[in-house]
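K.L.:
Below is the file run-v8.tsv, with TSV, C-alpha atoms.
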chain	number	residue	atom	x	y	z
A	1	VAL	CA	0.00	0.00	0.00
A	2	SER	CA	1.45	3.39	-0.99
A	3	ASP	CA	1.32	6.44	1.27
A	4	ARG	CA	-0.03	8.64	-1.48
A	5	PRO	CA	-3.04	10.57	-0.03
A	6	ASN	CA	-6.30	10.34	-1.95
A	7	SER	CA	-9.42	12.49	-2.06
A	8	THR	CA	-11.40	10.19	0.24
A	9	ALA	CA	-8.67	10.41	2.83
A	10	ALA	CA	-8.44	14.20	2.52
A	11	SER	CA	-12.17	14.56	3.22
A	12	GLY	CA	-11.97	12.38	6.36
A	13	ALA	CA	-12.11	14.85	9.28
A	14	GLU	CA	-10.40	13.29	12.27
A	15	ARG	CA	-9.32	9.90	10.90
A	16	SER	CA	-5.84	9.42	9.45
A	17	PRO	CA	-5.52	8.70	5.72
A	18	ARG	CA	-4.08	5.29	6.56
A	19	LYS	CA	-7.10	4.45	8.74
A	20	VAL	CA	-9.54	5.54	6.03
A	21	ARG	CA	-7.79	3.43	3.42
A	22	ALA	CA	-7.77	0.40	5.73
A	23	ASP	CA	-11.51	0.85	6.41
A	24	ALA	CA	-12.23	1.14	2.69
A	25	ALA	CA	-10.18	-1.96	1.87
A	26	ARG	CA	-11.95	-3.92	4.60
A	27	ASN	CA	-15.36	-2.78	3.37
A	28	ILE	CA	-14.55	-3.62	-0.23
A	29	HIS	CA	-13.34	-7.05	0.80
A	30	ALA	CA	-16.50	-7.68	2.87
A	31	LEU	CA	-18.71	-6.46	0.03
A	32	LEU	CA	-17.03	-8.68	-2.56
A	33	GLU	CA	-17.27	-11.71	-0.28
A	34	ALA	CA	-20.93	-10.97	0.44
A	35	ALA	CA	-21.70	-10.42	-3.23
A	36	LYS	CA	-19.96	-13.66	-4.18
A	37	VAL	CA	-21.99	-15.64	-1.64
A	38	SER	CA	-25.24	-13.89	-2.60
A	39	PHE	CA	-24.69	-14.43	-6.33
A	40	ALA	CA	-23.94	-18.11	-5.74
A	41	ALA	CA	-26.88	-18.65	-3.38
A	42	SER	CA	-29.51	-16.78	-5.39
A	43	ALA	CA	-28.94	-14.95	-8.65
A	44	VAL	CA	-27.25	-11.75	-9.75
A	45	ASP	CA	-30.55	-9.93	-9.29
A	46	VAL	CA	-30.27	-10.27	-5.50
A	47	SER	CA	-30.96	-6.83	-3.97
A	48	MET	CA	-28.08	-4.45	-3.27
A	49	ARG	CA	-29.56	-3.94	0.21
A	50	GLU	CA	-29.25	-7.68	0.92
A	51	ILE	CA	-25.61	-7.71	-0.18
A	52	ALA	CA	-24.79	-4.68	1.99
A	53	ALA	CA	-26.52	-6.32	4.99
A	54	ARG	CA	-24.59	-9.56	4.48
A	55	ALA	CA	-21.36	-7.55	4.35
A	56	GLY	CA	-22.29	-5.65	7.50
A	57	VAL	CA	-22.07	-2.23	5.85
A	58	GLY	CA	-24.62	0.40	4.91
A	59	VAL	CA	-26.12	0.56	1.43
A	60	GLY	CA	-24.45	3.97	1.03
A	61	THR	CA	-21.04	2.38	1.46
A	62	LEU	CA	-21.92	-0.26	-1.13
A	63	TYR	CA	-22.97	2.37	-3.67
A	64	ARG	CA	-19.91	4.53	-2.94
A	65	HIS	CA	-17.57	1.68	-3.88
A	66	PHE	CA	-19.75	0.13	-6.58
A	67	PRO	CA	-22.05	2.78	-8.08
A	68	LYS	CA	-23.71	0.30	-10.43
A	69	ARG	CA	-24.68	-3.33	-9.93
A	70	SER	CA	-22.52	-4.17	-12.94
A	71	ASP	CA	-19.47	-2.67	-11.17
A	72	LEU	CA	-19.98	-5.15	-8.36
A	73	ILE	CA	-20.52	-8.08	-10.72
A	74	VAL	CA	-17.39	-7.22	-12.72
A	75	ALA	CA	-15.31	-6.93	-9.53
A	76	VAL	CA	-16.56	-10.28	-8.16
A	77	PHE	CA	-15.93	-12.02	-11.45
A	78	ARG	CA	-12.40	-10.65	-11.86
A	79	ARG	CA	-11.55	-11.54	-8.28
A	80	GLU	CA	-12.74	-15.13	-8.78
A	81	VAL	CA	-10.84	-15.45	-12.05
A	82	ASP	CA	-7.70	-14.21	-10.29
A	83	ALA	CA	-8.19	-16.72	-7.45
A	84	CYS	CA	-8.58	-19.54	-9.98
A	85	ALA	CA	-5.41	-18.47	-11.84
A	86	ASP	CA	-3.52	-18.26	-8.52
A	87	ALA	CA	-4.73	-21.75	-7.62
A	88	GLY	CA	-3.02	-23.00	-10.79
A	89	LYS	CA	0.32	-21.68	-9.56
A	90	SER	CA	-0.01	-23.11	-6.06
A	91	LEU	CA	-1.23	-26.52	-7.31
A	92	ALA	CA	1.71	-26.68	-9.73
A	93	ALA	CA	4.05	-25.97	-6.82
A	94	ARG	CA	2.53	-28.60	-4.54
A	95	HIS	CA	1.71	-31.54	-6.84
A	96	GLU	CA	3.04	-33.72	-9.63
A	97	PRO	CA	2.11	-32.32	-13.08
A	98	LEU	CA	-0.79	-34.69	-13.84
A	99	GLU	CA	-2.23	-34.33	-10.35
A	100	ALA	CA	-1.91	-30.54	-10.52
A	101	LEU	CA	-3.64	-30.48	-13.91
A	102	THR	CA	-6.50	-32.70	-12.74
A	103	ARG	CA	-7.00	-30.79	-9.52
A	104	TRP	CA	-6.96	-27.46	-11.29
A	105	LEU	CA	-9.55	-28.59	-13.87
A	106	LEU	CA	-11.84	-29.68	-11.02
A	107	ARG	CA	-11.20	-26.36	-9.25
A	108	PHE	CA	-12.07	-24.60	-12.50
A	109	THR	CA	-15.24	-26.73	-12.78
A	110	ASP	CA	-16.33	-25.50	-9.36
A	111	PHE	CA	-15.58	-21.93	-10.37
A	112	VAL	CA	-17.75	-22.24	-13.47
A	113	ALA	CA	-20.53	-24.01	-11.58
A	114	THR	CA	-20.82	-21.21	-9.02
A	115	LYS	CA	-20.62	-18.51	-11.68
A	116	ARG	CA	-23.77	-19.44	-13.56
A	117	GLY	CA	-25.68	-16.42	-12.36
A	118	LEU	CA	-22.81	-14.22	-13.44
A	119	ALA	CA	-22.73	-15.95	-16.81
A	120	THR	CA	-26.31	-14.83	-17.38
A	121	ALA	CA	-25.26	-11.23	-16.71
A	122	LEU	CA	-22.23	-11.65	-18.96
A	123	HIS	CA	-24.40	-12.65	-21.90
A	124	SER	CA	-26.99	-9.95	-21.28
A	125	GLY	CA	-25.43	-7.65	-23.90
A	126	ASP	CA	-24.66	-4.95	-21.29
A	127	PRO	CA	-21.38	-3.34	-22.50
A	128	SER	CA	-20.16	-3.19	-18.88
A	129	TYR	CA	-19.27	-6.85	-19.25
A	130	ASP	CA	-17.57	-6.64	-22.64
A	131	ALA	CA	-14.07	-7.00	-21.22
A	132	LEU	CA	-14.81	-10.00	-18.98
A	133	PRO	CA	-14.65	-12.89	-21.50
A	134	GLY	CA	-11.25	-11.56	-22.59
A	135	TYR	CA	-10.16	-11.32	-18.98
A	136	PHE	CA	-11.32	-14.88	-18.31
A	137	THR	CA	-9.47	-16.30	-21.31
A	138	GLY	CA	-6.43	-14.07	-20.85
A	139	ARG	CA	-5.93	-15.19	-17.24
A	140	LEU	CA	-7.07	-18.82	-17.32
A	141	GLY	CA	-5.88	-19.81	-20.81
A	142	PRO	CA	-2.18	-19.34	-19.90
A	143	THR	CA	-2.80	-21.03	-16.51
A	144	LEU	CA	-4.14	-24.17	-18.17
A	145	HIS	CA	-1.50	-23.94	-20.91
A	146	THR	CA	1.27	-24.11	-18.31
A	147	LEU	CA	-0.36	-27.03	-16.49
A	148	LEU	CA	-0.80	-28.93	-19.78
A	149	ASP	CA	2.79	-28.18	-20.77
A	150	ASN	CA	4.13	-29.48	-17.47
A	151	ALA	CA	2.16	-32.73	-17.78
A	152	ALA	CA	3.18	-33.14	-21.43
A	153	VAL	CA	6.86	-32.61	-20.63
A	154	ALA	CA	6.49	-35.27	-17.92
A	155	GLY	CA	5.15	-37.60	-20.64
A	156	GLU	CA	1.85	-38.01	-18.84
A	157	ILE	CA	-0.49	-36.51	-21.43
A	158	ARG	CA	-0.52	-35.97	-25.16
A	159	THR	CA	0.49	-32.72	-26.73
A	160	ASP	CA	-2.22	-32.23	-29.34
A	161	VAL	CA	-4.91	-30.52	-27.25
A	162	GLU	CA	-5.17	-26.74	-27.10
A	163	ALA	CA	-5.55	-25.09	-23.69
A	164	GLU	CA	-8.23	-22.64	-24.81
A	165	GLU	CA	-10.30	-25.32	-26.48
A	166	LEU	CA	-10.16	-27.51	-23.39
A	167	LEU	CA	-11.05	-24.52	-21.21
A	168	ILE	CA	-14.17	-23.91	-23.29
A	169	ALA	CA	-15.07	-27.61	-23.29
A	170	VAL	CA	-14.88	-27.85	-19.51
A	171	SER	CA	-16.93	-24.66	-19.12
A	172	ARG	CA	-19.60	-26.20	-21.30
A	173	LEU	CA	-19.64	-29.45	-19.38
A	174	CYS	CA	-20.68	-27.38	-16.36
A	175	ALA	CA	-23.73	-25.92	-18.10
A	176	PRO	CA	-26.88	-25.94	-15.98
A	177	GLY	CA	-28.94	-29.11	-16.19
A	178	PRO	CA	-31.90	-30.75	-14.51
A	179	GLY	CA	-29.96	-33.26	-12.39
A	180	ASP	CA	-29.41	-33.14	-8.63
A	181	ASN	CA	-25.82	-34.28	-8.63
A	182	GLU	CA	-24.67	-31.93	-11.33
A	183	LEU	CA	-21.31	-31.07	-9.84
A	184	ASP	CA	-20.48	-34.76	-9.34
A	185	GLN	CA	-21.46	-35.40	-12.94
A	186	SER	CA	-19.32	-32.53	-14.18
A	187	HIS	CA	-16.37	-33.80	-12.15
A	188	ARG	CA	-16.72	-37.31	-13.58
A	189	MET	CA	-16.87	-35.99	-17.13
A	190	VAL	CA	-13.89	-33.68	-16.58
A	191	LYS	CA	-11.92	-36.67	-15.29
A	192	LEU	CA	-12.95	-38.55	-18.41
A	193	LEU	CA	-11.50	-35.72	-20.51
A	194	VAL	CA	-8.28	-35.93	-18.48
A	195	ASP	CA	-8.16	-39.68	-19.16
A	196	GLY	CA	-8.61	-38.80	-22.83
A	197	LEU	CA	-5.53	-36.60	-22.53
A	198	ARG	CA	-3.64	-39.49	-20.95
A	199	PHE	CA	-4.69	-41.98	-23.64
A	200	ARG	CA	-1.68	-42.91	-25.77
A	201	ALA	CA	0.36	-40.14	-24.14
A	202	GLY	CA	3.51	-41.98	-25.17
A	203	ASP	CA	2.51	-42.05	-28.86
A	204	ALA	CA	2.87	-38.29	-29.36
A	205	HIS	CA	5.92	-37.38	-31.41
B	1	VAL	CA	-50.14	-48.29	-44.18
B	2	SER	CA	-53.52	-49.64	-43.04
B	3	ASP	CA	-56.65	-49.45	-45.14
B	4	ARG	CA	-58.74	-48.04	-42.30
B	5	PRO	CA	-60.61	-45.00	-43.66
B	6	ASN	CA	-60.25	-41.76	-41.71
B	7	SER	CA	-62.31	-38.61	-41.49
B	8	THR	CA	-60.04	-36.63	-43.81
B	9	ALA	CA	-60.39	-39.32	-46.44
B	10	ALA	CA	-64.15	-39.49	-46.00
B	11	SER	CA	-64.46	-35.75	-46.67
B	12	GLY	CA	-62.46	-35.94	-49.91
B	13	ALA	CA	-65.01	-35.67	-52.71
B	14	GLU	CA	-63.69	-37.39	-55.85
B	15	ARG	CA	-60.28	-38.53	-54.61
B	16	SER	CA	-59.84	-42.03	-53.24
B	17	PRO	CA	-59.03	-42.42	-49.54
B	18	ARG	CA	-55.69	-43.96	-50.52
B	19	LYS	CA	-54.84	-40.97	-52.72
B	20	VAL	CA	-55.79	-38.51	-49.96
B	21	ARG	CA	-53.66	-40.33	-47.44
B	22	ALA	CA	-50.72	-40.43	-49.84
B	23	ASP	CA	-51.06	-36.68	-50.47
B	24	ALA	CA	-51.25	-35.97	-46.75
B	25	ALA	CA	-48.20	-38.13	-46.02
B	26	ARG	CA	-46.25	-36.38	-48.79
B	27	ASN	CA	-47.25	-32.94	-47.47
B	28	ILE	CA	-46.36	-33.84	-43.91
B	29	HIS	CA	-43.00	-35.15	-45.03
B	30	ALA	CA	-42.32	-31.98	-47.07
B	31	LEU	CA	-43.41	-29.77	-44.17
B	32	LEU	CA	-41.20	-31.55	-41.64
B	33	GLU	CA	-38.21	-31.37	-43.97
B	34	ALA	CA	-38.85	-27.68	-44.65
B	35	ALA	CA	-39.30	-26.95	-40.92
B	36	LYS	CA	-36.11	-28.81	-40.09
B	37	VAL	CA	-34.11	-26.80	-42.63
B	38	SER	CA	-35.75	-23.52	-41.58
B	39	PHE	CA	-35.14	-24.16	-37.88
B	40	ALA	CA	-31.50	-25.00	-38.55
B	41	ALA	CA	-30.92	-22.03	-40.86
B	42	SER	CA	-32.67	-19.38	-38.78
B	43	ALA	CA	-34.44	-19.93	-35.49
B	44	VAL	CA	-37.68	-21.55	-34.37
B	45	ASP	CA	-39.41	-18.20	-34.73
B	46	VAL	CA	-39.14	-18.41	-38.52
B	47	SER	CA	-42.58	-17.58	-39.97
B	48	MET	CA	-45.05	-20.37	-40.67
B	49	ARG	CA	-45.56	-18.82	-44.12
B	50	GLU	CA	-41.87	-19.25	-44.91
B	51	ILE	CA	-41.95	-22.91	-43.87
B	52	ALA	CA	-45.03	-23.58	-46.01
B	53	ALA	CA	-43.37	-21.85	-48.98
B	54	ARG	CA	-40.22	-23.91	-48.58
B	55	ALA	CA	-42.32	-27.09	-48.45
B	56	GLY	CA	-44.26	-26.01	-51.56
B	57	VAL	CA	-47.65	-26.18	-49.85
B	58	GLY	CA	-50.18	-23.56	-48.80
B	59	VAL	CA	-50.21	-22.11	-45.30
B	60	GLY	CA	-53.66	-23.67	-44.84
B	61	THR	CA	-52.19	-27.13	-45.37
B	62	LEU	CA	-49.48	-26.38	-42.84
B	63	TYR	CA	-52.03	-25.28	-40.22
B	64	ARG	CA	-54.30	-28.26	-40.96
B	65	HIS	CA	-51.51	-30.72	-40.11
B	66	PHE	CA	-49.83	-28.61	-37.42
B	67	PRO	CA	-52.38	-26.26	-35.83
B	68	LYS	CA	-49.80	-24.69	-33.52
B	69	ARG	CA	-46.15	-23.86	-34.07
B	70	SER	CA	-45.35	-26.09	-31.09
B	71	ASP	CA	-46.96	-29.07	-32.89
B	72	LEU	CA	-44.51	-28.59	-35.74
B	73	ILE	CA	-41.54	-28.18	-33.42
B	74	VAL	CA	-42.47	-31.31	-31.48
B	75	ALA	CA	-42.87	-33.32	-34.68
B	76	VAL	CA	-39.52	-32.16	-36.10
B	77	PHE	CA	-37.74	-32.87	-32.85
B	78	ARG	CA	-39.20	-36.38	-32.47
B	79	ARG	CA	-38.40	-37.21	-36.08
B	80	GLU	CA	-34.77	-36.14	-35.63
B	81	VAL	CA	-34.47	-38.09	-32.40
B	82	ASP	CA	-35.83	-41.16	-34.18
B	83	ALA	CA	-33.36	-40.70	-37.04
B	84	CYS	CA	-30.49	-40.45	-34.57
B	85	ALA	CA	-31.62	-43.60	-32.75
B	86	ASP	CA	-31.94	-45.44	-36.08
B	87	ALA	CA	-28.42	-44.31	-37.01
B	88	GLY	CA	-27.19	-46.14	-33.90
B	89	LYS	CA	-28.65	-49.40	-35.16
B	90	SER	CA	-27.23	-49.07	-38.67
B	91	LEU	CA	-23.78	-47.96	-37.46
B	92	ALA	CA	-23.67	-50.96	-35.11
B	93	ALA	CA	-24.50	-53.23	-38.02
B	94	ARG	CA	-21.84	-51.78	-40.33
B	95	HIS	CA	-18.85	-51.06	-38.06
B	96	GLU	CA	-16.68	-52.51	-35.33
B	97	PRO	CA	-17.99	-51.58	-31.83
B	98	LEU	CA	-15.53	-48.76	-31.07
B	99	GLU	CA	-15.89	-47.27	-34.53
B	100	ALA	CA	-19.69	-47.48	-34.32
B	101	LEU	CA	-19.67	-45.79	-30.90
B	102	THR	CA	-17.37	-42.98	-32.06
B	103	ARG	CA	-19.31	-42.36	-35.26
B	104	TRP	CA	-22.61	-42.32	-33.42
B	105	LEU	CA	-21.38	-39.81	-30.83
B	106	LEU	CA	-20.25	-37.52	-33.65
B	107	ARG	CA	-23.60	-38.04	-35.38
B	108	PHE	CA	-25.31	-37.16	-32.10
B	109	THR	CA	-23.08	-34.05	-31.79
B	110	ASP	CA	-24.31	-32.89	-35.19
B	111	PHE	CA	-27.89	-33.54	-34.13
B	112	VAL	CA	-27.47	-31.42	-31.00
B	113	ALA	CA	-25.63	-28.67	-32.88
B	114	THR	CA	-28.45	-28.23	-35.38
B	115	LYS	CA	-31.11	-28.39	-32.67
B	116	ARG	CA	-30.05	-25.30	-30.73
B	117	GLY	CA	-33.03	-23.28	-31.87
B	118	LEU	CA	-35.29	-26.12	-30.80
B	119	ALA	CA	-33.51	-26.30	-27.45
B	120	THR	CA	-34.52	-22.69	-26.80
B	121	ALA	CA	-38.14	-23.62	-27.42
B	122	LEU	CA	-37.79	-26.71	-25.24
B	123	HIS	CA	-36.66	-24.63	-22.29
B	124	SER	CA	-39.29	-21.94	-22.81
B	125	GLY	CA	-41.59	-23.47	-20.18
B	126	ASP	CA	-44.34	-24.11	-22.75
B	127	PRO	CA	-46.04	-27.35	-21.56
B	128	SER	CA	-46.30	-28.51	-25.20
B	129	TYR	CA	-42.66	-29.52	-24.91
B	130	ASP	CA	-42.86	-31.26	-21.55
B	131	ALA	CA	-42.64	-34.74	-23.03
B	132	LEU	CA	-39.65	-34.07	-25.31
B	133	PRO	CA	-36.74	-34.36	-22.86
B	134	GLY	CA	-38.14	-37.71	-21.78
B	135	TYR	CA	-38.51	-38.76	-25.41
B	136	PHE	CA	-34.93	-37.69	-26.12
B	137	THR	CA	-33.51	-39.63	-23.17
B	138	GLY	CA	-35.83	-42.58	-23.65
B	139	ARG	CA	-34.80	-43.07	-27.28
B	140	LEU	CA	-31.13	-42.03	-27.25
B	141	GLY	CA	-30.13	-43.31	-23.80
B	142	PRO	CA	-30.71	-46.98	-24.76
B	143	THR	CA	-29.08	-46.37	-28.16
B	144	LEU	CA	-25.88	-45.15	-26.54
B	145	HIS	CA	-26.15	-47.81	-23.83
B	146	THR	CA	-26.10	-50.56	-26.47
B	147	LEU	CA	-23.16	-49.00	-28.32
B	148	LEU	CA	-21.20	-48.65	-25.05
B	149	ASP	CA	-22.04	-52.24	-24.09
B	150	ASN	CA	-20.83	-53.58	-27.44
B	151	ALA	CA	-17.53	-51.70	-27.14
B	152	ALA	CA	-17.10	-52.78	-23.50
B	153	VAL	CA	-17.74	-56.43	-24.37
B	154	ALA	CA	-15.11	-56.11	-27.10
B	155	GLY	CA	-12.70	-54.87	-24.40
B	156	GLU	CA	-12.22	-51.55	-26.16
B	157	ILE	CA	-13.61	-49.20	-23.51
B	158	ARG	CA	-14.10	-49.22	-19.77
B	159	THR	CA	-17.36	-50.16	-18.18
B	160	ASP	CA	-17.74	-47.47	-15.52
B	161	VAL	CA	-19.38	-44.71	-17.54
B	162	GLU	CA	-23.16	-44.32	-17.64
B	163	ALA	CA	-24.85	-43.86	-21.01
B	164	GLU	CA	-27.20	-41.12	-19.81
B	165	GLU	CA	-24.43	-39.16	-18.16
B	166	LEU	CA	-22.29	-39.31	-21.29
B	167	LEU	CA	-25.28	-38.30	-23.40
B	168	ILE	CA	-25.78	-35.19	-21.28
B	169	ALA	CA	-22.06	-34.41	-21.31
B	170	VAL	CA	-21.87	-34.55	-25.10
B	171	SER	CA	-25.00	-32.40	-25.42
B	172	ARG	CA	-23.35	-29.80	-23.22
B	173	LEU	CA	-20.12	-29.84	-25.20
B	174	CYS	CA	-22.21	-28.71	-28.16
B	175	ALA	CA	-23.55	-25.64	-26.36
B	176	PRO	CA	-23.41	-22.45	-28.43
B	177	GLY	CA	-20.19	-20.48	-28.18
B	178	PRO	CA	-18.44	-17.57	-29.83
B	179	GLY	CA	-16.05	-19.55	-32.03
B	180	ASP	CA	-16.22	-20.01	-35.77
B	181	ASN	CA	-15.25	-23.66	-35.89
B	182	GLU	CA	-17.61	-24.78	-33.19
B	183	LEU	CA	-18.58	-28.08	-34.73
B	184	ASP	CA	-14.91	-29.01	-35.31
B	185	GLN	CA	-14.21	-28.10	-31.69
B	186	SER	CA	-17.13	-30.17	-30.44
B	187	HIS	CA	-15.97	-33.13	-32.53
B	188	ARG	CA	-12.43	-32.91	-31.15
B	189	MET	CA	-13.71	-32.78	-27.58
B	190	VAL	CA	-16.11	-35.67	-28.14
B	191	LYS	CA	-13.19	-37.71	-29.51
B	192	LEU	CA	-11.23	-36.78	-26.40
B	193	LEU	CA	-14.09	-38.17	-24.28
B	194	VAL	CA	-14.00	-41.37	-26.34
B	195	ASP	CA	-10.24	-41.61	-25.71
B	196	GLY	CA	-11.05	-41.18	-22.03
B	197	LEU	CA	-13.36	-44.19	-22.34
B	198	ARG	CA	-10.53	-46.14	-24.00
B	199	PHE	CA	-7.99	-45.21	-21.31
B	200	ARG	CA	-7.15	-48.28	-19.22
B	201	ALA	CA	-9.95	-50.22	-20.87
B	202	GLY	CA	-8.17	-53.42	-19.90
B	203	ASP	CA	-8.06	-52.49	-16.21
B	204	ALA	CA	-11.81	-52.79	-15.71
B	205	HIS	CA	-12.74	-55.85	-13.67
Reformat the file's structure so that it appears as structure tokens.

P.N.:
Amino acid sequence: VSDRPNSTAASGAERSPRKVRADAARNIHALLEAAKVSFAASAVDVSMREIAARAGVGVGTLYRHFPKRSDLIVAVFRREVDACADAGKSLAARHEPLEALTRWLLRFTDFVATKRGLATALHSGDPSYDALPGYFTGRLGPTLHTLLDNAAVAGEIRTDVEAEELLIAVSRLCAPGPGDNELDQSHRMVKLLVDGLRFRAGDAH
Amino acid sequence: VSDRPNSTAASGAERSPRKVRADAARNIHALLEAAKVSFAASAVDVSMREIAARAGVGVGTLYRHFPKRSDLIVAVFRREVDACADAGKSLAARHEPLEALTRWLLRFTDFVATKRGLATALHSGDPSYDALPGYFTGRLGPTLHTLLDNAAVAGEIRTDVEAEELLIAVSRLCAPGPGDNELDQSHRMVKLLVDGLRFRAGDAH
């Protein structure tokens, strides 16, 4: 955190700039967590008042940080994409290449499954969301690419599958359906795709 | 075709019942073909007039056979499902089990890809379509089950994947996306699933 003063801090009467920034950061964090939970539990049309209440802040604070609902949705989405990309790095550090790849694809499956409400917003045509698909692909494509590369170098999977194509395929496998055990189903099918990657891994040349 | 007279035939003045029935069958066939092409080319909200014109019949004939748009959609969908189920039988008769399974899954992919417009109608909540998902699963589930069984008996794939689950997974892989070469992509991913089925086929016990 830099010490550069900002306008919010300057307008704070008795509180120090550092204190104001810390409060703002804490509020933003609480709001994004609350919004994430609310979007997952209900839909993106959950009321702003409900999100503020869950975060333990006033609605005014919510609107000061996120003037429009779309601002909040964009921030939640980007934060979740970042967390998923970061998970790729930490899984790669902690596991063998094939295990890291498999675990990350299942982690990604969970991410997609809980982002269905957001997906509806994303495809609504609202230009506020125009940059998000690019952000998604730009962050997660290279993450998967690295995990695939590692497993291919280790001779555990074939080399003829594109990261972006696989990313799209797994997203689609997590599309909403009528079943009760959807996430289990998605996981089984993602594992089947991984087994497809492993099939004749040694034959690639 | 039975010789039982029907009310349409009885009302035909100079034409024989057989002739009337033959005309009706020809019109119905032309209408279903025209509707299928129209639905694939544009969307299910293509005008009834356009479908009649493509079939070379009057709009009155269209409405006599299919009073509501949903009647036409249901008939097209069922006919395509039947054709896909029949393809399973003929592929099984002409090819080795693994080849028959792979070809049928790609055939099914094409079916799903061209039925996107219909899928929108299916999920519209209109009760006219309530029976279709059951028809789809009831016809195509056993078709895939048989193809999987044949390949498993031949030792070419594992035995731990459920036909219905795989059917749903492949349908989802064919969900609409932004890419240009969507069908190629879907085919590659379906082949990857088949390779997943082949992985450690011998280990099943």

K.L.:
For chain B, report every residue with an atom at most 12 Å from chain A (counting all atoms listed in the file), formatted as a PyMOL selection string.

P.N.:
chain B and resi 123+133-134+157-158+160-179+181-201

K.L.:
Have a look at atom CA of His145 of chain A and atom CA of Ile73 of chain A and let me know their distance in Å, one decimal.

P.N.:
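Interatomic distance, atom CA of His145 of chain A to atom CA of Ile73 of chain A: 26.8 Å.
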
K.L.:
Compute the distance from (-29.5, -48.0, -25.6) to each atom, counting all atoms listed in the file, keep the residues with any atom at most 12 Å away, and return them as a PyMOL selection string; use the coordinates of the file.

P.N.:
chain B and resi 84-86+88-89+92+101+104+136-150+162-164+167

K.L.:
Give me, please, the distance in Å between atom CA of Arg103 of chain A and atom CA of Ser38 of chain A, quoted to one decimal.

P.N.:
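So the two atoms, atom CA of Arg103 of chain A and atom CA of Ser38 of chain A, lie 25.8 Å apart.
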
K.L.:
Using only C-alpha atoms for the distances, tell me which of B:Arg116, B:Arg26, B:Lys68, B:Arg78 is nearest to Gly56 of chain B.

P.N.:
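Nearest candidate to Gly56 of chain B out of B:Arg116, B:Arg26, B:Lys68, B:Arg78: B:Arg26.
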
K.L.:
Just how far from atom CA of Val46 of chain A is atom CA of Ala34 of chain A, in Å to one decimal?

P.N.:
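Separation between atom CA of Ala34 of chain A and atom CA of Val46 of chain A: 11.1 Å.
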
K.L.:
Under the rule that only C-alpha atoms are counted, which of A:Ala131, A:Leu62, A:Ala151, A:Val112 is the nearest residue to His95 of chain A?

P.N.:
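Using only C-alpha atoms, His95 of chain A sits closest to A:Ala151.
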
K.L.:
Which is closest to Glu99 of chain A among A:Glu156, A:Gly125, A:Thr114, A:Asp71, if we use only C-alpha atoms?

P.N.:
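When distances to Glu99 of chain A are compared using only C-alpha atoms, the smallest one comes from A:Glu156.
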
K.L.:
Which is closer to Glu80 of chain B than all the others in B:Asp110, B:Glu50, B:Asp130, B:Asp23, using all atoms listed in the file?

P.N.:
B:Asp110

K.L.:
As JSON, please: the centre and edge lengths in Å, to one decimal, of an axis-aligned box enclosing every listed atom of segment 74-89 of chain B with 8 Å added on each side.

P.N.:
{"center_x": -35.0, "center_y": -40.4, "center_z": -34.3, "size_x": 31.7, "size_y": 34.1, "size_z": 21.6}
